[in-house]
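Novice: Please find one structure pasted underneath; my questions will follow.
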Amino acid sequence: MLKSLGCLAAGASLAVAFPENAEPHVAWFAFVPLLIILRFSTPGQGFLYGFLHGIGFWLLSISWLMELRNNGGPVMLVLIGLTGLSIWCSLFSAVFGYSVSLLWQGGDSATAGWKRYFFETWRPPVIALIWCGGEYLRSTLFTGFAWNAVGVSQVSYLPIVQLASLGGVYAVSFLVLLVNGALAGVCVRLWRNTMLREPNSTRRHFDLMTALLVLFVAIYWGRKRISELQASGQSSERLSVVAIDPDLPCIFSINESENIKIAYSNLYEKTDALSLNADLVVWPETSLPSCMPDKVLEKNMLRFASQIGAPILAGTTEFSLNNKNEEECRNSTFLFGTNGVIESVYSKQHLVPFGEFLPFDKKMKFLQKLAPTGVSCTPGEGAVVMEVNGIKVSPLICFEDTVASLSRAAVKAGAQILIAQSNDSWFYGSSEAVQHHAQAIFRAVENAVPLVRCSNRGITAFVSPYGGSQEFLLHTIPVYSGAGSTLYSRFGDWIFGIPCAVIFIGVCIFRFWNKIFCKSDSKSYSKKEGDTSSVPS
């Protein structure tokens, strides 16, 4: 019971490391209790303790889902969603606990001397690799839930965040878990020395020395990279951007047409006042007052863009007919040009399951009516690069700025600036907006490009290629010469995330293989040993 409570408490403490609590130092030892408990656990127990650690973290970390109650979400469905998602994410922590308990057993079976030092030194990095493999799989399987990787907790430690340019956010998670693993090893050896009177158990701590060395090198290299990026942005091209948070209520909260008129009147007035000498105006996701196509809305927006002298990038729901003459709904953003035409349209590629679509709803049409918004969306077909004053920008919509592969694809297509449009009013008043912004910061660092976030009732800010964040209404954004040149931009998750996932899966397969076939071989060998019929008397 005490071990179970300890794992729950350790998981809950990890949640404190993330925004909006923002105590990032807690993450550097939040796994230590779990790892120590796993040292004295069987693989089956490790699975349970890992799961409890995950539940303790996820129930607190995504508790902002409960805000959906205030926006038309039935309480029971919201609770089921929160619980179900927490359980799903915790299963990866459970497999991590299972795998780490095996590692402890393997190291403890080693003989004394240099072999013990060897096992103690390699155990923390392997623990970290397994954890990162689980994070990658959680972020990609079944559309994925790429939210609050451990590395995100360090978003305010910019030198360490630079590791994301090498291996994505998982590289930052690796460093945090590496230190946790080393500290857990030190604690176990101190226990051996104090309680078991084991000689030489605390003579050397090669694992801790190795982890600290990696940490110091990462900080030094990160500081150097930040300085280089700051220098590269001083003499570059620039784009003057106005990004406006219209402070509109959630779609389910607007009941009176008069309120709609007042809200949009304020939005137009604010845009007109701020757009002097602007190159681009950005409004958030679903910020237009009606759906497209709408000839009246289109005409008004094009006239307004011409009036202020800057193109307007604004989101709304788009309806169209496919080649089967069936109506499709897309979450799109439109670039209204100053020349009287819509210059470009981007449709959201990565839809939110159970929010923008329901699984199998294309096959079973009746499911589409059960979607929270009343319609089921169709995904877009790829990244779209838009040119504004000779500078190439690419939009991301809503939670797409949590999906590293989409940002990378946009940069590889030529984007020099990423623009993330979001509507965080669904969770207004919760920690979701701050956490959402933290995820997006890593997309800028991974690809060494500036990122503009424009959110309704969220955080509207400029993010530099090294992760510095500044809230703004009007900002002149430099275009950095090293855009898309990072190791992560070139190779993506093949360089770190996918190999970690292979290790994560491989440990489990090896365990089951060893358990089934080695047991079978052992029984066969015992049978042969006991068969003396052919031995001469």
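Each chain in the structure tokens gets a letter, A, B, ..., in the order shown, and its residues are numbered from 1; ligands are numbered from 1 in order too.
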With only C-alpha atoms as the counted atoms, please give the residues lying no more than 7 Å from Ile477 in chain A, apart from itself and same-chain residues fewer than 2 positions off, as a PDB file with C-alpha atoms, in the first residue's frame.
Specialist:
ATOM      1  CA  ARG A 238      11.646  40.853 -41.333  1.00  0.00           C
ATOM      2  CA  LEU A 239       7.879  40.500 -41.362  1.00  0.00           C
ATOM      3  CA  SER A 240       5.655  42.854 -39.392  1.00  0.00           C
ATOM      4  CA  HIS A 475       5.742  42.392 -33.637  1.00  0.00           C
ATOM      5  CA  VAL A 479      13.605  35.519 -40.617  1.00  0.00           C
TER       6      VAL A 479
END
Novice: Residues within 10 Å of Ser61 in chain A, please, as a list in words. Count only C-alpha atoms; anything in the same chain fewer than 6 positions from it doesn't count.
Specialist: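 With the cut-off at 10 Å, the set is Gly11, Ala12, Leu14, Ala15, Val16, Ala17, Phe18, Pro19, Glu20, Ile55, Ser86, Trp147, Asn148, Ser431, Glu432 and Gln435 of chain A.
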Novice: What separation in Å, quoted to one decimal, exists between CA of Gly484 in chain A and CA of Val449 in chain A?
Specialist: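 Atom-to-atom, CA of Gly484 in chain A and CA of Val449 in chain A are spaced 7.1 Å apart.
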Novice: Using only C-alpha atoms, which of the listed residues (A:Val345, A:Ala273, A:Val352, A:Leu158) sits closest to Arg225 in chain A?
Specialist: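 Of all the options, A:Leu158 lies closest to Arg225 in chain A.
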Novice: From the set A:Phe354, A:Tyr488, A:Tyr136, A:Phe399, which residue has the shortest atom-to-atom contact distance to Val502 in chain A, counting only C-alpha atoms?
Specialist: A:Tyr136
Novice: Which residues, written as number ranges by chain, have at least one atom at most 8 Å from range 291-294 of chain A, with only C-alpha atoms counted and residues fewer than 2 positions away on the same chain left out?
Specialist: A: 288-289, 296-298, 316-320
Novice: Need to verify the contact set: Leu141 in chain A, 12 Å, only C-alpha atoms, exclusion of same-chain residues closer than 4 positions in sequence. Can you return it as a PyMOL selection string?
Specialist: chain A and resi 88-89+92+133-137+145-146+501
Novice: With only C-alpha atoms as the basis for distance, which of A:Leu276, A:Leu77, A:Ala310, A:Val241 is at the shortest distance from Leu451 in chain A?
Specialist: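 When distances to Leu451 in chain A are compared using only C-alpha atoms, the smallest one comes from A:Val241.
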Novice: Skipping near chain neighbours, those fewer than 2 positions away, what residues fall within 8 Å of Asn180 in chain A using only C-alpha atoms, listed as a PyMOL selection string?
Specialist: chain A and resi 28-32+124+176-178+182-184
